[in-house]
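Engineer: First the structure, then my questions, so here it is.
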Amino acid sequence: PTETRTAEQSSPNLLQNQILSAVTDLILRMSFVSQHRDSRPLVILFEDLQWADDLSLGVLETALTTASAALFVLATYRPPYDPPERWKRFAGYHTFGLSPLRPPESRQLVADLLGGQEPSERLMDLIVRRSSGTPFFIEETVNLLVDEGALKPAETGWELARPEDALAVPGTIHALILSRFDLLPAAEKEVLQLCATIGTEVDGAILEEMSQELWSDRRDLKQVLERLRAMNFLLG
């Protein structure tokens, strides 16, 4: 209780430093246990650095600069983000670029996204051609076509429900996601906007409290969240 009151009374910068210190201390403790109990380093994965906040980047940098810790840190990011130049001088720092998917790999990903059903050649060629081998672009293109009802299951696999020249598939990831957002019902849009104000990780209790003005029934929020998860707008 005392620590809770102290945190609540702290300034934002002080609170951020306290969180950074606590998380760093936890990583070092876990590293020590992993090294001495399992005789191997602690593996930490940081995903999507291009969206990371300053606190997360601070935790990562502290982990990279702590010589006493037995850590294997793996971080992923997408261009145009580039890690700070000073990180590249750290011992053991390596960068590995992932090439775009080749056409056969893109075709396999499309089939996997559609539940293992092979799409028609026309549909497959359309998605592979427009995606340029970018996995996330492929996924969002398939999601958009499904959301729009432009894809329909057939005996021979998935088929386009309208002519190719009638499809409006955006040319960027950002535009793709916005197009999918525009197709959502009002309730789903409102929940996503609330989530965006909270951050990339959303506490259920906070979201529930903020959404009380929108819905009086908790079941309504639960149903909206389930639909958003099913559409891959939310994870977890």
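The chains in the structure tokens are called A, B, ... from first to last as shown; in each chain the residues are counted from 1, and the ligands are counted from 1 in the order shown.
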Find the spatial neighbours of segment 167-182 of chain A, counting only C-alpha atoms, within a cut-off of 9 Å - ignore same-chain residues fewer than 3 positions away - and output them as a PyMOL selection string.
Structural biologist: chain A and resi 130-131+136-137+140-141+143-145+147-148+150+162-164+185+188-189+192+233
Engineer: Considering only alpha helix (DSSP H) as DSSP defines it on the backbone, what residues of segment 50-236 of chain A qualify? List them as a PyMOL selection string.
Structural biologist: chain A and resi 54-65+103-113+121-131+135-148+173-182+186-198+204-211+218-230
Engineer: Considering only C-alpha atoms, return as an MDAnalysis selection string whatever protein or nucleic-acid residues lie within 12 Å of segment 38-42 of chain A, sequence-local ones (same chain, fewer than 4 positions apart) excluded.
Structural biologist: chainID A and resid 26:34 63 68:74
Engineer: Can you check which residues of segment 13-220 of chain A DSSP gives as strand (DSSP E) on the backbone and send them as a list in words?
Structural biologist: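 Here is the list: Leu42, Val43, Ile44, Leu45, Phe46, Leu71, Phe72, Val73, Leu74, Ala75, Leu151, Lys152, Pro153, Ala154, Gly157, Trp158, Glu159 and Leu160 of chain A.
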Engineer: For the atom pair atom CA of Gly116 of chain A and atom CA of Asn232 of chain A, what is the interatomic distance in Å to one decimal place?
Structural biologist: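 It comes out at 17.9 Å.
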Engineer: Ranking A:Ser21, A:Met231, A:Pro119, A:Glu85 by minimum distance to Leu160 of chain A and counting only C-alpha atoms, which one comes first?
Structural biologist: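 Of A:Ser21, A:Met231, A:Pro119, A:Glu85, the one nearest Leu160 of chain A is A:Pro119, counting only C-alpha atoms.
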Engineer: Residues near Leu123 of chain A, anyone? I mean within 8 Å using only C-alpha atoms, not counting same-chain ones fewer than 2 positions away, as a ChimeraX atom specification.
Structural biologist: /A:119-121,125-127,158-160
Engineer: May I have the selected residues written with N, CA and C atoms, as an mmCIF file, in the first residue's frame?
Structural biologist:
data_model
loop_
_atom_site.group_PDB
_atom_site.id
_atom_site.type_symbol
_atom_site.label_atom_id
_atom_site.label_comp_id
_atom_site.auth_asym_id
_atom_site.auth_seq_id
_atom_site.Cartn_x
_atom_site.Cartn_y
_atom_site.Cartn_z
ATOM 1 N N PRO A 119 -6.554 -20.753 -52.662
ATOM 2 C CA PRO A 119 -7.378 -19.820 -53.421
ATOM 3 C C PRO A 119 -7.217 -20.079 -54.924
ATOM 4 N N SER A 120 -8.070 -19.476 -55.693
ATOM 5 C CA SER A 120 -7.947 -19.616 -57.141
ATOM 6 C C SER A 120 -6.648 -18.966 -57.607
ATOM 7 N N GLU A 121 -6.177 -19.360 -58.767
ATOM 8 C CA GLU A 121 -4.944 -18.806 -59.311
ATOM 9 C C GLU A 121 -5.066 -17.297 -59.499
ATOM 10 N N ASP A 125 -2.603 -14.795 -57.532
ATOM 11 C CA ASP A 125 -1.722 -13.901 -58.281
ATOM 12 C C ASP A 125 -1.962 -12.444 -57.904
ATOM 13 N N LEU A 126 -3.217 -12.084 -57.682
ATOM 14 C CA LEU A 126 -3.551 -10.710 -57.297
ATOM 15 C C LEU A 126 -2.884 -10.343 -55.974
ATOM 16 N N ILE A 127 -3.031 -11.202 -54.962
ATOM 17 C CA ILE A 127 -2.494 -10.893 -53.635
ATOM 18 C C ILE A 127 -0.968 -10.892 -53.653
ATOM 19 N N TRP A 158 -11.079 -20.553 -52.483
ATOM 20 C CA TRP A 158 -11.641 -19.218 -52.366
ATOM 21 C C TRP A 158 -11.626 -18.522 -53.726
ATOM 22 N N GLU A 159 -12.685 -17.739 -53.978
ATOM 23 C CA GLU A 159 -12.809 -17.018 -55.236
ATOM 24 C C GLU A 159 -13.132 -15.560 -54.966
ATOM 25 N N LEU A 160 -12.778 -14.702 -55.918
ATOM 26 C CA LEU A 160 -13.171 -13.307 -55.840
ATOM 27 C C LEU A 160 -14.660 -13.182 -56.151
#
Engineer: With a distance cut-off of 12 Å and only C-alpha atoms, select the neighbouring residues of Ala187 of chain A, excluding the residue or stretch itself and same-chain residues fewer than 5 positions from it, and output the selection as a list in words.
Structural biologist: Phe181, Asp182, Leu192, Gln193, Leu194, Ser211, Leu214, Trp215, Asp220, Leu221, Lys222, Gln223, Val224, Leu225, Arg227 and Leu228 of chain A
Engineer: Which residue, A:His36, A:Lys88, A:Arg229, A:Arg78, has the smallest gap to Leu49 of chain A when you use only C-alpha atoms?
Structural biologist: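 Answer, going by the shortest atom-to-atom distance: A:Arg78.
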Engineer: In Å, rounded to a single decimal, give me how far atom CA of Ala22 of chain A is from atom CA of Asp54 of chain A.
Structural biologist: 15.3 Å
Engineer: Smallest atom-to-atom distance to Asn13 of chain A: which of A:Leu55, A:Val146, A:Leu45, A:Leu101, using only C-alpha atoms?
Structural biologist: A:Leu55
Engineer: Find, counting only C-alpha atoms, the residue in A:Ala161, A:Leu57, A:Ala75, A:Val202 that gets nearest to Leu235 of chain A.
Structural biologist: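 Comparing A:Ala161, A:Leu57, A:Ala75, A:Val202 against Leu235 of chain A, the winner is A:Val202.
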Engineer: Would you mind telling me which residue in A:Ala91, A:Met210, A:Val23, A:Val43 lies nearest to Gly58 of chain A when using only C-alpha atoms?
Structural biologist: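 Comparing A:Ala91, A:Met210, A:Val23, A:Val43 against Gly58 of chain A, the winner is A:Val23.
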